[in-house]
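Listing of start_13.cif, mmCIF, C-alpha atoms and all ligand atoms
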data_protein
#
loop_
_atom_site.label_atom_id
_atom_site.label_comp_id
_atom_site.auth_asym_id
_atom_site.auth_seq_id
_atom_site.Cartn_x
_atom_site.Cartn_y
_atom_site.Cartn_z
CA MET A 1 43.66 -26.04 -75.08
CA LYS A 2 45.44 -26.71 -71.81
CA LEU A 3 43.16 -26.30 -68.82
CA VAL A 4 43.20 -26.65 -65.07
CA PHE A 5 39.94 -27.29 -63.21
CA PHE A 6 40.05 -26.45 -59.53
CA GLY A 7 37.64 -25.77 -56.70
CA ALA A 8 36.27 -27.28 -53.51
CA PRO A 9 35.55 -31.00 -53.18
CA GLY A 10 32.06 -31.68 -54.48
CA ALA A 11 32.15 -28.71 -56.87
CA GLY A 12 31.62 -31.05 -59.84
CA LYS A 13 35.01 -30.74 -61.56
CA GLY A 14 35.19 -34.41 -62.53
CA THR A 15 31.63 -34.48 -63.85
CA ILE A 16 32.12 -31.39 -66.00
CA ALA A 17 35.51 -32.61 -67.24
CA LYS A 18 33.78 -35.75 -68.52
CA ILE A 19 31.18 -33.67 -70.36
CA VAL A 20 33.91 -31.51 -71.93
CA TYR A 21 35.68 -34.67 -73.04
CA ASP A 22 32.51 -36.14 -74.58
CA LYS A 23 31.63 -32.96 -76.44
CA ASN A 24 34.97 -31.28 -77.14
CA LYS A 25 37.41 -34.21 -77.01
CA ILE A 26 39.79 -32.54 -74.59
CA VAL A 27 41.09 -35.35 -72.43
CA GLN A 28 40.68 -35.28 -68.64
CA ILE A 29 43.72 -36.05 -66.53
CA SER A 30 42.75 -36.88 -62.98
CA THR A 31 45.66 -37.50 -60.64
CA GLY A 32 43.36 -39.62 -58.47
CA ASP A 33 42.69 -41.92 -61.45
CA LEU A 34 46.39 -41.99 -62.41
CA PHE A 35 47.34 -43.10 -58.90
CA ARG A 36 44.58 -45.70 -58.72
CA ASN A 37 45.53 -47.17 -62.13
CA ALA A 38 49.22 -47.29 -61.29
CA ILE A 39 48.42 -49.13 -58.06
CA LYS A 40 46.04 -51.52 -59.80
CA ASN A 41 48.57 -52.34 -62.52
CA GLN A 42 51.35 -52.66 -59.94
CA THR A 43 53.78 -50.49 -61.89
CA GLU A 44 56.97 -49.25 -60.23
CA LEU A 45 55.24 -45.99 -59.65
CA GLY A 46 52.15 -47.74 -58.31
CA LYS A 47 54.23 -49.56 -55.73
CA LYS A 48 55.80 -46.30 -54.58
CA VAL A 49 52.44 -44.55 -54.37
CA SER A 50 50.67 -47.32 -52.54
CA ALA A 51 53.44 -47.49 -49.92
CA ILE A 52 53.05 -43.74 -49.34
CA LEU A 53 49.28 -43.90 -49.12
CA GLU A 54 49.35 -46.91 -46.80
CA ARG A 55 51.40 -44.86 -44.38
CA GLY A 56 48.64 -42.26 -44.55
CA ASP A 57 50.92 -39.69 -46.17
CA LEU A 58 50.23 -37.43 -49.14
CA VAL A 59 51.95 -38.18 -52.44
CA PRO A 60 54.87 -35.69 -52.62
CA ASP A 61 54.72 -32.87 -55.16
CA GLU A 62 57.72 -34.06 -57.22
CA LEU A 63 56.22 -37.51 -57.69
CA THR A 64 52.82 -36.12 -58.62
CA ILE A 65 54.38 -33.72 -61.13
CA GLU A 66 56.44 -36.55 -62.63
CA ILE A 67 53.32 -38.65 -63.15
CA VAL A 68 51.40 -35.86 -64.88
CA LYS A 69 54.42 -35.01 -67.02
CA GLU A 70 54.56 -38.59 -68.29
CA ARG A 71 50.83 -38.65 -68.90
CA ILE A 72 50.72 -35.59 -71.16
CA LYS A 73 53.23 -37.20 -73.53
CA GLU A 74 50.54 -39.63 -74.63
CA LYS A 75 48.86 -39.17 -78.00
CA ASP A 76 45.39 -38.40 -76.70
CA CYS A 77 46.72 -35.10 -75.29
CA ASN A 78 47.38 -33.63 -78.74
CA LYS A 79 44.32 -31.37 -78.43
CA GLY A 80 45.33 -30.34 -74.94
CA TYR A 81 44.09 -31.56 -71.59
CA ILE A 82 42.11 -30.79 -68.48
CA LEU A 83 44.02 -31.23 -65.24
CA ASP A 84 41.61 -32.33 -62.52
CA GLY A 85 42.89 -32.65 -58.96
CA PHE A 86 46.23 -31.11 -59.91
CA PRO A 87 47.76 -28.62 -59.23
CA ARG A 88 46.28 -28.48 -55.76
CA THR A 89 49.02 -26.43 -54.09
CA MET A 90 50.90 -23.26 -54.97
CA ILE A 91 54.15 -25.21 -55.35
CA GLN A 92 52.52 -27.55 -57.85
CA ALA A 93 50.93 -24.68 -59.78
CA GLU A 94 54.17 -22.71 -60.03
CA SER A 95 56.15 -25.80 -61.06
CA TRP A 96 53.64 -26.69 -63.73
CA GLU A 97 53.76 -23.21 -65.27
CA LYS A 98 57.48 -23.82 -65.86
CA ILE A 99 56.92 -27.27 -67.34
CA ASP A 100 53.93 -26.69 -69.62
CA PRO A 101 52.13 -23.34 -69.15
CA ILE A 102 48.36 -23.72 -69.18
CA ASP A 103 45.94 -21.57 -71.20
CA ARG A 104 43.16 -21.15 -68.65
CA ALA A 105 42.42 -22.15 -65.06
CA VAL A 106 38.74 -22.67 -64.38
CA TYR A 107 37.75 -21.99 -60.79
CA PHE A 108 34.57 -23.80 -59.70
CA ASP A 109 33.04 -21.36 -57.24
CA ILE A 110 30.78 -22.92 -54.61
CA SER A 111 30.00 -22.13 -50.97
CA ASP A 112 30.95 -24.49 -48.15
CA GLU A 113 27.26 -24.80 -47.29
CA VAL A 114 26.38 -26.18 -50.72
CA VAL A 115 29.37 -28.54 -50.59
CA LYS A 116 28.22 -29.87 -47.23
CA ARG A 117 24.73 -30.56 -48.57
CA ARG A 118 26.06 -32.13 -51.76
CA LEU A 119 28.59 -34.42 -50.13
CA GLY A 120 26.98 -34.83 -46.72
CA GLY A 121 23.64 -35.72 -48.30
CA ARG A 122 25.15 -38.42 -50.48
CA ARG A 123 24.03 -42.02 -49.89
CA ILE A 124 25.58 -44.90 -51.82
CA CYS A 125 24.30 -48.40 -52.48
CA PRO A 126 27.12 -50.83 -51.62
CA LYS A 127 25.58 -53.44 -53.93
CA CYS A 128 24.92 -51.66 -57.24
CA GLY A 129 26.82 -48.39 -56.73
CA ALA A 130 23.77 -46.15 -57.22
CA ILE A 131 24.17 -42.68 -55.72
CA PHE A 132 21.32 -40.83 -54.01
CA ASN A 133 21.13 -37.55 -52.12
CA ILE A 134 18.80 -36.99 -49.17
CA TYR A 135 18.20 -33.37 -50.31
CA THR A 136 18.20 -33.45 -54.08
CA ASN A 137 17.79 -37.05 -55.23
CA LYS A 138 15.93 -38.97 -52.52
CA PRO A 139 15.39 -42.72 -52.78
CA LYS A 140 11.72 -43.78 -52.82
CA ASN A 141 12.10 -45.31 -49.35
CA GLU A 142 14.39 -43.60 -46.88
CA GLY A 143 17.76 -45.33 -46.58
CA ILE A 144 16.91 -48.02 -49.15
CA CYS A 145 18.22 -48.45 -52.71
CA ASP A 146 15.52 -48.12 -55.39
CA ASN A 147 17.18 -50.78 -57.56
CA ASP A 148 17.73 -53.65 -55.19
CA GLY A 149 16.41 -52.81 -51.71
CA GLU A 150 19.90 -52.73 -50.19
CA SER A 151 20.53 -50.41 -47.20
CA LEU A 152 22.31 -47.24 -48.32
CA ILE A 153 25.58 -46.16 -46.72
CA ILE A 154 27.59 -42.95 -46.29
CA ARG A 155 31.11 -43.22 -47.74
CA LYS A 156 33.94 -42.52 -45.30
CA ASP A 157 34.93 -39.47 -47.38
CA ASP A 158 31.42 -38.06 -47.06
CA GLN A 159 31.15 -38.26 -43.26
CA GLU A 160 30.73 -34.84 -41.67
CA GLU A 161 34.18 -34.79 -40.11
CA ALA A 162 35.88 -35.91 -43.32
CA ILE A 163 34.11 -33.17 -45.29
CA GLU A 164 35.19 -30.53 -42.77
CA ASN A 165 38.74 -31.78 -43.10
CA ARG A 166 38.68 -31.81 -46.91
CA LEU A 167 37.29 -28.26 -46.92
CA PHE A 168 39.93 -27.10 -44.46
CA ILE A 169 42.76 -28.47 -46.62
CA TYR A 170 41.15 -26.94 -49.69
CA HIS A 171 40.97 -23.46 -48.11
CA GLU A 172 44.55 -23.71 -46.85
CA GLN A 173 46.25 -25.17 -49.90
CA THR A 174 44.20 -24.72 -53.03
CA LYS A 175 42.33 -21.44 -52.61
CA PRO A 176 45.52 -19.34 -53.05
CA LEU A 177 45.51 -20.54 -56.68
CA ILE A 178 42.69 -18.07 -57.38
CA SER A 179 44.90 -15.02 -56.98
CA TYR A 180 47.85 -16.80 -58.57
CA TYR A 181 46.02 -17.50 -61.84
CA LYS A 182 44.32 -14.11 -61.69
CA LYS A 183 47.72 -12.43 -61.69
CA LEU A 184 48.70 -14.50 -64.73
CA ASP A 185 45.45 -13.38 -66.35
CA LYS A 186 44.39 -17.01 -66.82
CA LEU A 187 41.53 -17.24 -64.32
CA VAL A 188 37.99 -18.10 -65.38
CA THR A 189 35.39 -18.29 -62.60
CA ILE A 190 32.16 -20.21 -62.97
CA ASP A 191 29.27 -20.62 -60.55
CA SER A 192 29.23 -24.34 -59.79
CA SER A 193 26.38 -24.38 -57.28
CA VAL A 194 24.11 -24.95 -60.29
CA ASP A 195 23.50 -28.22 -62.16
CA ALA A 196 26.15 -29.80 -64.40
CA ASP A 197 24.63 -28.66 -67.71
CA THR A 198 24.46 -25.04 -66.62
CA SER A 199 28.06 -25.19 -65.38
CA TYR A 200 29.14 -26.65 -68.71
CA GLN A 201 27.37 -23.85 -70.63
CA GLN A 202 29.25 -21.25 -68.56
CA ILE A 203 32.52 -22.93 -69.43
CA ILE A 204 32.01 -23.09 -73.17
CA LYS A 205 30.95 -19.48 -73.17
CA ALA A 206 33.96 -18.34 -71.16
CA LEU A 207 36.47 -20.44 -73.10
CA LYS A 208 34.78 -20.07 -76.49
CA LEU A 209 34.97 -23.81 -77.05
ZN ZN A 301 21.52 -50.76 -55.25
#
Re-express the file's structure as structure tokens.
Ligand SMILES: [Zn+2]
Amino acid sequence: MKLVFFGAPGAGKGTIAKIVYDKNKIVQISTGDLFRNAIKNQTELGKKVSAILERGDLVPDELTIEIVKERIKEKDCNKGYILDGFPRTMIQAESWEKIDPIDRAVYFDISDEVVKRRLGGRRICPKCGAIFNIYTNKPKNEGICDNDGESLIIRKDDQEEAIENRLFIYHEQTKPLISYYKKLDKLVTIDSSVDADTSYQQIIKALKL
């Protein structure tokens, strides 16, 4: 089954894609991971991408599409795939339908308020990588890691202004995909303000996995 997961930042797409992989063996393709790996391994593509990102620009659509196209040729995609983080614009979505039409697009529905709590409440330990949340998963002592006593930090991406910006881009660029996939009769909407297990249950029910 060929799937697209899309929704606001912090909606839990990556987490659920990992669960679907563990239980249903449909591989997750995250463009973020593909870029990071290419950069780490210093491939031709990685060099191109890192130059673009260093300038502070977005990776152009054609390059992103090219990368995903290469990735789905690999053997582990024989049962299909979950695209996570792509397509994130109408141009990407329309191009992909011509390349390899998907079966279903799962829209992770969540309000901006919940996103702000989820991401804005996140505190990370720079030493061991543990993740806390000041609303839902508080450390025993405020601002201190339970594991090693290190002071917790807020990632750059999770600062209030960065979240506002990510949400703005999402509303502008990605939200139009809802009506696009609806028209194609491929849209599945799940409520992703709930915990990961409940979201997963909604997905298997809707997709009959
Ligand atoms: Zn720690």
Could you list the protein, DNA and RNA residues that have any atom within 8 Å of ligand ZN 301 (chain A), counting all atoms listed in the file, and write them as number ranges by chain?
A: 124-130, 145-150, 152
Out of A:Val114, A:Leu58, A:Leu177, A:Ile144, which residue has the shortest atom-to-atom distance to Thr189 in chain A when counting all atoms listed in the file?
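Comparing A:Val114, A:Leu58, A:Leu177, A:Ile144 against Thr189 in chain A, the winner is A:Leu177.
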Proximity to Lys156 in chain A - best of A:Ile67, A:Asp112, A:Lys205, A:Gly120, only C-alpha atoms
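That would be A:Gly120, the residue with the smallest distance to Lys156 in chain A.
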Using all atoms listed in the file, the shortest atom-to-atom distance to Val115 in chain A among A:Glu62, A:Glu164, A:Asp76, A:Glu44 belongs to A:Glu164
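In terms of minimum interatomic distance to Gln28 in chain A, A:Cys77 ranks closest within A:Ala11, A:Cys77, A:Asp61, A:Lys47, counting only C-alpha atoms.
Of the listed residues (A:Tyr170, A:Tyr180, A:Tyr200, A:Phe5), A:Phe5 comes nearest to Tyr81 in chain A; the distances count all atoms listed in the file.
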Using CA of Lys208 in chain A and CA of Asn78 in chain A as the two end points, give the distance in Å to one decimal.
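Interatomic distance, CA of Lys208 in chain A to CA of Asn78 in chain A: 18.6 Å.
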Quick one: 4 Å padding each side, axis-aligned, all listed atoms of range 45-56 of chain A - centre and edge lengths in Å to one decimal, as JSON?
{"center_x": 52.2, "center_y": -45.9, "center_z": -52.0, "size_x": 15.2, "size_y": 15.3, "size_z": 23.3}
Closest of A:Ser151, A:Ser199, A:Thr89, A:Gln159 to Pro176 in chain A - atom-to-atom distances counting all atoms listed in the file
A:Thr89
So which residues fall inside 12 Å of (36.8, -29.3, -45.2) if we count only C-alpha atoms? Mind giving them as a VMD selection string?
chain A and resid 8 to 10 111 to 113 115 to 116 119 to 120 157 to 174
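From CA of Thr31 in chain A back to CA of Val68 in chain A, the distance works out to 7.3 Å.
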Within 7 Å of (44.1, -28.4, -58.7) in the file's own coordinates, which protein, DNA or RNA residues have an atom, counting only C-alpha atoms? List them as a VMD selection string.
chain A and resid 4 to 6 84 to 88 174
Atoms to include: C-alpha atoms. Write the selected residues as a short mmCIF file (atom, residue, chain, number, x, y, z; two decimals), in the coordinates of the input.
data_model
loop_
_atom_site.label_atom_id
_atom_site.label_comp_id
_atom_site.auth_asym_id
_atom_site.auth_seq_id
_atom_site.Cartn_x
_atom_site.Cartn_y
_atom_site.Cartn_z
CA VAL A 4 43.20 -26.65 -65.07
CA PHE A 5 39.94 -27.29 -63.21
CA PHE A 6 40.05 -26.45 -59.53
CA ASP A 84 41.61 -32.33 -62.52
CA GLY A 85 42.89 -32.65 -58.96
CA PHE A 86 46.23 -31.11 -59.91
CA PRO A 87 47.76 -28.62 -59.23
CA ARG A 88 46.28 -28.48 -55.76
CA THR A 174 44.20 -24.72 -53.03
#
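Residues in contact with Ala196 in chain A at up to 12 Å, not including ones fewer than 4 positions away on its chain and judged by all atoms listed in the file, are Gly10, Ala11, Gly12, Lys13, Gly14, Thr15, Ile16, Ala17, Lys18, Ile19, Val20, Phe108, Ile190, Asp191, Ser192, Tyr200, Gln201, Gln202 and Ile203 of chain A.
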Find the distance between CA of Phe132 in chain A and CA of Ile153 in chain A and write it in Å to one decimal.
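Rounded to one decimal, the two atoms are 10.0 Å apart.
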Excluding Leu207 in chain A and its own-chain neighbours fewer than 6 positions away, which residues fall within 10 Å of it when counting all atoms listed in the file? Please give them as an MDAnalysis selection string.
chainID A and resid 1 3 103:104 106 188
